[in-house]
>>> print(open('input_20.pdb').read())   # PDB, C-alpha atoms
ATOM      1  CA  MET R 145     -36.958  16.684  28.325  1.00  0.00           C
ATOM      2  CA  THR R 146     -36.500  13.516  30.241  1.00  0.00           C
ATOM      3  CA  GLY R 147     -33.975  10.866  29.257  1.00  0.00           C
ATOM      4  CA  SER R 148     -36.697   8.830  27.574  1.00  0.00           C
ATOM      5  CA  ASP R 149     -37.766  11.900  25.591  1.00  0.00           C
ATOM      6  CA  ALA R 150     -34.242  12.745  24.481  1.00  0.00           C
ATOM      7  CA  MET R 151     -33.830  13.493  20.833  1.00  0.00           C
ATOM      8  CA  THR R 152     -30.871  12.129  18.914  1.00  0.00           C
ATOM      9  CA  GLY R 153     -29.626  13.152  15.521  1.00  0.00           C
ATOM     10  CA  SER R 154     -30.920   9.959  13.944  1.00  0.00           C
ATOM     11  CA  ASP R 155     -34.431  10.068  15.372  1.00  0.00           C
ATOM     12  CA  ALA R 156     -34.910  13.811  15.633  1.00  0.00           C
ATOM     13  CA  THR R 157     -36.694  14.043  12.310  1.00  0.00           C
ATOM     14  CA  LYS R 158     -37.762  10.457  11.757  1.00  0.00           C
ATOM     15  CA  GLY R 159     -40.000   7.936  13.357  1.00  0.00           C
ATOM     16  CA  SER R 160     -43.656   7.665  14.023  1.00  0.00           C
ATOM     17  CA  ASN R 161     -45.720  10.732  14.575  1.00  0.00           C
ATOM     18  CA  SER R 162     -47.427  10.602  17.918  1.00  0.00           C
ATOM     19  CA  THR R 163     -49.438  13.751  17.329  1.00  0.00           C
ATOM     20  CA  PRO R 164     -52.905  12.998  15.949  1.00  0.00           C
ATOM     21  CA  GLY R 165     -53.179  14.226  12.389  1.00  0.00           C
ATOM     22  CA  SER R 166     -49.444  14.926  12.131  1.00  0.00           C
ATOM     23  CA  ASP R 167     -49.157  12.568   9.159  1.00  0.00           C
ATOM     24  CA  THR R 168     -51.188  15.101   7.162  1.00  0.00           C
ATOM     25  CA  LEU R 169     -48.786  17.959   7.935  1.00  0.00           C
ATOM     26  CA  GLU R 170     -46.100  19.030   5.532  1.00  0.00           C
ATOM     27  CA  PRO R 171     -43.090  16.985   6.663  1.00  0.00           C
ATOM     28  CA  TRP R 172     -41.110  20.042   7.765  1.00  0.00           C
ATOM     29  CA  LEU R 173     -43.969  20.978  10.129  1.00  0.00           C
ATOM     30  CA  ARG R 174     -44.146  17.627  11.904  1.00  0.00           C
ATOM     31  CA  PRO R 175     -43.519  17.854  15.656  1.00  0.00           C
ATOM     32  CA  GLU R 176     -40.195  15.998  15.603  1.00  0.00           C
ATOM     33  CA  VAL R 177     -38.868  18.276  12.836  1.00  0.00           C
ATOM     34  CA  VAL R 178     -40.049  21.405  14.646  1.00  0.00           C
ATOM     35  CA  ARG R 179     -38.317  20.197  17.846  1.00  0.00           C
ATOM     36  CA  TRP R 180     -35.123  19.585  15.841  1.00  0.00           C
ATOM     37  CA  LEU R 181     -35.310  23.068  14.333  1.00  0.00           C
ATOM     38  CA  MET R 182     -35.746  24.677  17.739  1.00  0.00           C
ATOM     39  CA  CYS R 183     -32.469  23.009  18.817  1.00  0.00           C
ATOM     40  CA  LEU R 184     -30.808  24.010  15.529  1.00  0.00           C
ATOM     41  CA  VAL R 185     -31.831  27.669  15.952  1.00  0.00           C
ATOM     42  CA  ALA R 186     -30.871  27.781  19.645  1.00  0.00           C
ATOM     43  CA  SER R 187     -27.486  26.287  18.753  1.00  0.00           C
ATOM     44  CA  TRP R 188     -26.982  28.905  16.026  1.00  0.00           C
ATOM     45  CA  ASP R 189     -27.929  31.665  18.466  1.00  0.00           C
ATOM     46  CA  ALA R 190     -25.345  30.371  20.957  1.00  0.00           C
ATOM     47  CA  VAL R 191     -22.413  30.599  18.523  1.00  0.00           C
ATOM     48  CA  CYS R 192     -23.353  33.269  15.971  1.00  0.00           C
ATOM     49  CA  SER R 193     -23.921  36.956  16.588  1.00  0.00           C
ATOM     50  CA  GLU R 194     -26.415  37.512  13.757  1.00  0.00           C
ATOM     51  CA  PRO R 195     -29.886  35.955  13.567  1.00  0.00           C
ATOM     52  CA  LEU R 196     -30.335  32.822  11.466  1.00  0.00           C
ATOM     53  CA  LEU R 197     -33.261  34.413   9.612  1.00  0.00           C
ATOM     54  CA  PRO R 198     -32.718  37.898   8.181  1.00  0.00           C
ATOM     55  CA  ARG R 199     -34.632  40.729   9.813  1.00  0.00           C
ATOM     56  CA  GLY R 200     -38.160  40.838   8.482  1.00  0.00           C
ATOM     57  CA  LEU R 201     -38.318  37.099   7.774  1.00  0.00           C
ATOM     58  CA  HIS R 202     -38.380  35.943  11.386  1.00  0.00           C
ATOM     59  CA  PRO R 203     -41.997  35.399  12.399  1.00  0.00           C
ATOM     60  CA  GLY R 204     -41.362  36.450  15.992  1.00  0.00           C
ATOM     61  CA  GLY R 205     -43.707  35.441  18.767  1.00  0.00           C
ATOM     62  CA  VAL R 206     -46.960  36.797  17.347  1.00  0.00           C
ATOM     63  CA  ALA R 207     -48.228  33.582  15.737  1.00  0.00           C
ATOM     64  CA  PRO R 208     -50.389  31.184  17.767  1.00  0.00           C
ATOM     65  CA  ARG R 209     -47.529  28.671  17.428  1.00  0.00           C
ATOM     66  CA  PRO R 210     -44.276  30.620  16.971  1.00  0.00           C
ATOM     67  CA  ASP R 211     -42.315  27.355  16.689  1.00  0.00           C
ATOM     68  CA  ILE R 212     -44.441  26.252  13.714  1.00  0.00           C
ATOM     69  CA  ALA R 213     -44.175  29.717  12.153  1.00  0.00           C
ATOM     70  CA  LEU R 214     -40.389  29.597  12.539  1.00  0.00           C
ATOM     71  CA  ALA R 215     -40.219  26.092  11.008  1.00  0.00           C
ATOM     72  CA  ALA R 216     -42.250  27.280   8.014  1.00  0.00           C
ATOM     73  CA  ALA R 217     -40.069  30.391   7.630  1.00  0.00           C
ATOM     74  CA  LEU R 218     -36.885  28.304   7.740  1.00  0.00           C
ATOM     75  CA  TYR R 219     -38.222  25.907   5.127  1.00  0.00           C
ATOM     76  CA  ASP R 220     -38.936  28.820   2.776  1.00  0.00           C
ATOM     77  CA  ALA R 221     -35.838  30.858   3.727  1.00  0.00           C
ATOM     78  CA  PRO R 222     -33.734  32.521   1.014  1.00  0.00           C
ATOM     79  CA  PHE R 223     -30.682  30.450   1.984  1.00  0.00           C
ATOM     80  CA  VAL R 224     -29.771  26.772   2.040  1.00  0.00           C
ATOM     81  CA  LEU R 225     -30.191  25.103   5.430  1.00  0.00           C
ATOM     82  CA  LEU R 226     -29.121  21.484   5.921  1.00  0.00           C
ATOM     83  CA  SER R 227     -28.398  19.299   8.922  1.00  0.00           C
ATOM     84  CA  HIS R 228     -27.347  15.794   9.800  1.00  0.00           C
ATOM     85  CA  GLY R 229     -27.327  13.675  12.926  1.00  0.00           C
ATOM     86  CA  THR R 230     -24.531  12.028  14.891  1.00  0.00           C
ATOM     87  CA  GLU R 231     -24.527   8.587  13.285  1.00  0.00           C
ATOM     88  CA  ASP R 232     -21.166   7.013  12.409  1.00  0.00           C
ATOM     89  CA  ASP R 233     -21.998   7.885   8.793  1.00  0.00           C
ATOM     90  CA  PRO R 234     -24.181  10.963   9.435  1.00  0.00           C
ATOM     91  CA  LEU R 235     -27.529  11.085   7.651  1.00  0.00           C
ATOM     92  CA  PHE R 236     -29.224  14.251   6.470  1.00  0.00           C
ATOM     93  CA  ASN R 237     -32.237  14.843   8.675  1.00  0.00           C
ATOM     94  CA  TYR R 238     -33.262  18.277   7.405  1.00  0.00           C
ATOM     95  CA  GLY R 239     -33.027  20.296   4.246  1.00  0.00           C
ATOM     96  CA  ASN R 240     -35.132  23.323   3.468  1.00  0.00           C
ATOM     97  CA  ARG R 241     -36.811  23.970   0.110  1.00  0.00           C
ATOM     98  CA  LEU R 242     -33.758  25.672  -1.368  1.00  0.00           C
ATOM     99  CA  ALA R 243     -31.507  22.788  -0.241  1.00  0.00           C
ATOM    100  CA  CYS R 244     -33.830  20.244  -1.859  1.00  0.00           C
ATOM    101  CA  ASP R 245     -33.932  22.311  -5.056  1.00  0.00           C
ATOM    102  CA  LEU R 246     -30.156  22.804  -5.158  1.00  0.00           C
ATOM    103  CA  PHE R 247     -29.412  19.124  -4.562  1.00  0.00           C
ATOM    104  CA  ARG R 248     -32.291  18.205  -6.900  1.00  0.00           C
ATOM    105  CA  MET R 249     -33.936  15.882  -4.396  1.00  0.00           C
ATOM    106  CA  SER R 250     -37.286  15.596  -2.753  1.00  0.00           C
ATOM    107  CA  TRP R 251     -37.560  16.078   0.994  1.00  0.00           C
ATOM    108  CA  ASP R 252     -37.942  12.323   1.462  1.00  0.00           C
ATOM    109  CA  THR R 253     -34.935  11.510  -0.740  1.00  0.00           C
ATOM    110  CA  LEU R 254     -32.651  14.014   0.971  1.00  0.00           C
ATOM    111  CA  ARG R 255     -33.611  12.909   4.487  1.00  0.00           C
ATOM    112  CA  GLY R 256     -31.858   9.706   5.328  1.00  0.00           C
ATOM    113  CA  MET R 257     -29.120  10.112   2.718  1.00  0.00           C
ATOM    114  CA  PRO R 258     -25.570   9.923   4.084  1.00  0.00           C
ATOM    115  CA  SER R 259     -24.431  13.545   4.063  1.00  0.00           C
ATOM    116  CA  ARG R 260     -20.979  12.546   2.784  1.00  0.00           C
ATOM    117  CA  LEU R 261     -22.630  11.724  -0.551  1.00  0.00           C
ATOM    118  CA  SER R 262     -23.282  15.439  -1.078  1.00  0.00           C
ATOM    119  CA  ALA R 263     -19.562  15.748  -1.876  1.00  0.00           C
ATOM    120  CA  GLU R 264     -17.663  13.976  -4.616  1.00  0.00           C
ATOM    121  CA  PRO R 265     -15.303  11.212  -3.435  1.00  0.00           C
ATOM    122  CA  ASP R 266     -12.174  13.341  -3.910  1.00  0.00           C
ATOM    123  CA  GLN R 267     -13.734  16.147  -1.800  1.00  0.00           C
ATOM    124  CA  ARG R 268     -14.899  14.034   1.136  1.00  0.00           C
ATOM    125  CA  ALA R 269     -11.709  14.120   3.217  1.00  0.00           C
ATOM    126  CA  GLU R 270     -11.633  17.926   3.117  1.00  0.00           C
ATOM    127  CA  ARG R 271     -15.362  18.032   3.957  1.00  0.00           C
ATOM    128  CA  GLN R 272     -14.823  15.681   6.905  1.00  0.00           C
ATOM    129  CA  ASP R 273     -11.947  17.827   8.166  1.00  0.00           C
ATOM    130  CA  SER R 274     -14.204  20.902   8.098  1.00  0.00           C
ATOM    131  CA  LEU R 275     -16.916  19.055  10.010  1.00  0.00           C
ATOM    132  CA  ARG R 276     -14.309  18.002  12.584  1.00  0.00           C
ATOM    133  CA  ARG R 277     -13.127  21.603  12.980  1.00  0.00           C
ATOM    134  CA  ALA R 278     -16.720  22.766  13.467  1.00  0.00           C
ATOM    135  CA  LEU R 279     -17.223  20.054  16.064  1.00  0.00           C
ATOM    136  CA  GLU R 280     -14.098  21.099  17.969  1.00  0.00           C
ATOM    137  CA  GLY R 281     -14.772  24.825  17.831  1.00  0.00           C
ATOM    138  CA  GLY R 282     -18.574  24.836  17.776  1.00  0.00           C
ATOM    139  CA  VAL R 283     -18.703  26.750  14.483  1.00  0.00           C
ATOM    140  CA  ILE R 284     -16.706  27.507  11.349  1.00  0.00           C
ATOM    141  CA  ARG R 285     -17.421  30.328   8.945  1.00  0.00           C
ATOM    142  CA  ASP R 286     -16.638  30.973   5.314  1.00  0.00           C
ATOM    143  CA  TYR R 287     -16.502  27.309   4.341  1.00  0.00           C
ATOM    144  CA  SER R 288     -16.276  26.634   0.602  1.00  0.00           C
ATOM    145  CA  GLY R 289     -16.436  23.313  -1.177  1.00  0.00           C
ATOM    146  CA  VAL R 290     -17.681  21.508  -4.248  1.00  0.00           C
ATOM    147  CA  ARG R 291     -20.934  19.586  -3.927  1.00  0.00           C
ATOM    148  CA  ILE R 292     -22.864  17.361  -6.270  1.00  0.00           C
ATOM    149  CA  ALA R 293     -26.608  17.175  -6.873  1.00  0.00           C
ATOM    150  CA  ALA R 294     -28.565  13.979  -7.456  1.00  0.00           C
ATOM    151  CA  ASP R 295     -28.479  14.524 -11.219  1.00  0.00           C
ATOM    152  CA  GLY R 296     -24.673  14.939 -11.248  1.00  0.00           C
ATOM    153  CA  THR R 297     -24.691  18.737 -11.391  1.00  0.00           C
ATOM    154  CA  ARG R 298     -21.652  20.085  -9.564  1.00  0.00           C
ATOM    155  CA  PHE R 299     -21.603  23.420  -7.756  1.00  0.00           C
ATOM    156  CA  LEU R 300     -19.274  25.375  -5.495  1.00  0.00           C
ATOM    157  CA  ILE R 301     -20.721  26.607  -2.217  1.00  0.00           C
ATOM    158  CA  ASN R 302     -19.187  29.750  -0.746  1.00  0.00           C
ATOM    159  CA  GLY R 303     -19.319  31.387   2.656  1.00  0.00           C
ATOM    160  CA  ALA R 304     -21.059  28.545   4.450  1.00  0.00           C
ATOM    161  CA  THR R 305     -21.373  28.481   8.214  1.00  0.00           C
ATOM    162  CA  ILE R 306     -21.226  25.045   9.841  1.00  0.00           C
ATOM    163  CA  TRP R 307     -22.139  24.629  13.495  1.00  0.00           C
ATOM    164  CA  SER R 308     -22.866  21.952  16.066  1.00  0.00           C
ATOM    165  CA  VAL R 309     -26.486  21.345  17.011  1.00  0.00           C
ATOM    166  CA  VAL R 310     -27.059  20.634  20.694  1.00  0.00           C
ATOM    167  CA  ASP R 311     -30.193  19.751  22.623  1.00  0.00           C
ATOM    168  CA  GLU R 312     -31.621  21.468  25.691  1.00  0.00           C
ATOM    169  CA  ARG R 313     -29.124  19.642  27.935  1.00  0.00           C
ATOM    170  CA  GLY R 314     -26.143  20.718  25.837  1.00  0.00           C
ATOM    171  CA  GLN R 315     -25.640  17.268  24.306  1.00  0.00           C
ATOM    172  CA  ARG R 316     -24.432  17.331  20.700  1.00  0.00           C
ATOM    173  CA  ILE R 317     -27.116  15.875  18.420  1.00  0.00           C
ATOM    174  CA  GLY R 318     -25.821  16.883  14.998  1.00  0.00           C
ATOM    175  CA  GLN R 319     -24.389  19.572  12.783  1.00  0.00           C
ATOM    176  CA  ALA R 320     -25.965  22.095  10.446  1.00  0.00           C
ATOM    177  CA  ALA R 321     -24.858  24.248   7.543  1.00  0.00           C
ATOM    178  CA  ARG R 322     -26.226  27.513   6.179  1.00  0.00           C
ATOM    179  CA  PHE R 323     -25.143  29.204   2.961  1.00  0.00           C
ATOM    180  CA  ASP R 324     -26.610  31.536   0.396  1.00  0.00           C
ATOM    181  CA  SER R 325     -23.882  31.634  -2.211  1.00  0.00           C
ATOM    182  CA  TRP R 326     -23.089  28.967  -4.782  1.00  0.00           C
ATOM    183  CA  GLN R 327     -22.148  28.773  -8.428  1.00  0.00           C
ATOM    184  CA  PRO R 328     -22.459  25.978 -10.954  1.00  0.00           C
ATOM    185  CA  ILE R 329     -19.324  24.233 -12.121  1.00  0.00           C
ATOM    186  CA  ARG R 330     -19.343  23.335 -15.776  1.00  0.00           C
TER     187      ARG R 330
END
>>> encode(input="input_20.pdb", output="C-alpha cells")
Amino acid sequence: MTGSDAMTGSDATKGSNSTPGSDTLEPWLRPEVVRWLMCLVASWDAVCSEPLLPRGLHPGGVAPRPDIALAAALYDAPFVLLSHGTEDDPLFNYGNRLACDLFRMSWDTLRGMPSRLSAEPDQRAERQDSLRRALEGGVIRDYSGVRIAADGTRFLINGATIWSVVDERGQRIGQAARFDSWQPIR
C-alpha cells in the first residue's frame, strides 16, 4: 500500500465504497472490512501460535476469493471477534455475528460505538489497563472482565485474547479481542 492508500483504525471499515456494487454486499464483506480483517488475522498469526479459526473452519485458499471466504468465516465463527481503531476514544470497527448477538446490537450500531462503552463505568479503568498491556506486549491472554449489552444485560467474559492489529508496514492500526467463554451476571 502506498501512503495515500494507508488504512487507519478509524477508516478501515468505514467510508465510501469505491468498488462498484459493494453497497449491495453484506457489510462484513465490503472491501474495506475485508482489508481490515486481513490485517487482523496477520496480526494474530504474528503473536499467537494457534490459528484464529479452528481447524476445519478456515476456508483455506481453495475459494475464488480466499480473503472473502475468510471474512465470511470470521463473521460466522463460533467465537466473539471484536476490534477497534486507534482514535483517542477508540471506536468499534468490527464485530462478528456472535459479538453483535452478545452485545445485542446490529452491525451498524456496534460499528462506530466507543469501545469503552462495552464496559460499565466502574470497569473501564481496568479495561483500559488491559488494553495498554496488550499494546505494550503485543498480546495478552486469559483476560476476564464484565461487559454490558445494549439492553443492560451484564456478562462476564473469560479467557479473552487481546492483541494489537498492525498493517502491512507494521504500523499499529487498532486492537482486537477474541473470546468464546462468557456467562450472564444476574
>>> closest_residue(input="input_20.pdb", among="R:Leu225, R:Ser288, R:Ala213, R:Glu176", to="Leu242 in chain R", atoms="all atoms listed in the file")
R:Leu225
>>> resolve_selection(input="input_20.pdb", expression="the PyMOL selection byres ((chain R and resi 227) around 6)", output="PyMOL selection string")
chain R and resi 226+228+236-238+319-320
>>> resolve_selection(input="input_20.pdb", expression="the PyMOL selection byres ((chain R and resi 185) around 12)", output="PyMOL selection string")
chain R and resi 178-184+186-192+194-197+202+211+214-215+218+225+227+307-312+319-322
>>> atom_distance(input="input_20.pdb", atom1="CA of Ala294 in chain R", atom2="CA of Tyr219 in chain R")
19.8 Å
>>> atom_distance(input="input_20.pdb", atom1="CA of Ala304 in chain R", atom2="CA of Pro175 in chain R")
27.3 Å
>>> atom_distance(input="input_20.pdb", atom1="CA of Ser325 in chain R", atom2="CA of Pro198 in chain R")
15.0 Å
>>> resolve_selection(input="input_20.pdb", expression="the PyMOL selection byres ((chain R and resi 256) around 9)", output="VMD selection string")
chain R and resid 154 158 228 234 to 238 252 to 255 257 to 259
>>> residues_near_point(input="input_20.pdb", point="(-37.5, 30.5, -0.9)", cutoff="9 Å", atoms="all atoms listed in the file", output="CSV table (one decimal) with C-alpha atoms, keeping the file's coordinate frame")
chain,number,residue,atom,x,y,z
R,217,ALA,CA,-40.1,30.4,7.6
R,218,LEU,CA,-36.9,28.3,7.7
R,219,TYR,CA,-38.2,25.9,5.1
R,220,ASP,CA,-38.9,28.8,2.8
R,221,ALA,CA,-35.8,30.9,3.7
R,222,PRO,CA,-33.7,32.5,1.0
R,223,PHE,CA,-30.7,30.4,2.0
R,240,ASN,CA,-35.1,23.3,3.5
R,241,ARG,CA,-36.8,24.0,0.1
R,242,LEU,CA,-33.8,25.7,-1.4
>>> axis_aligned_box(input="input_20.pdb", around="range 325-329 of chain R", padding_each_side="3 Å", output="JSON")
{"center_x": -21.6, "center_y": 27.9, "center_z": -7.2, "size_x": 10.6, "size_y": 13.4, "size_z": 15.9}
>>> closest_residue(input="input_20.pdb", among="R:Ala293, R:Ile301, R:Ile317, R:Cys244", to="Ser262 in chain R", atoms="all atoms listed in the file")
R:Ala293
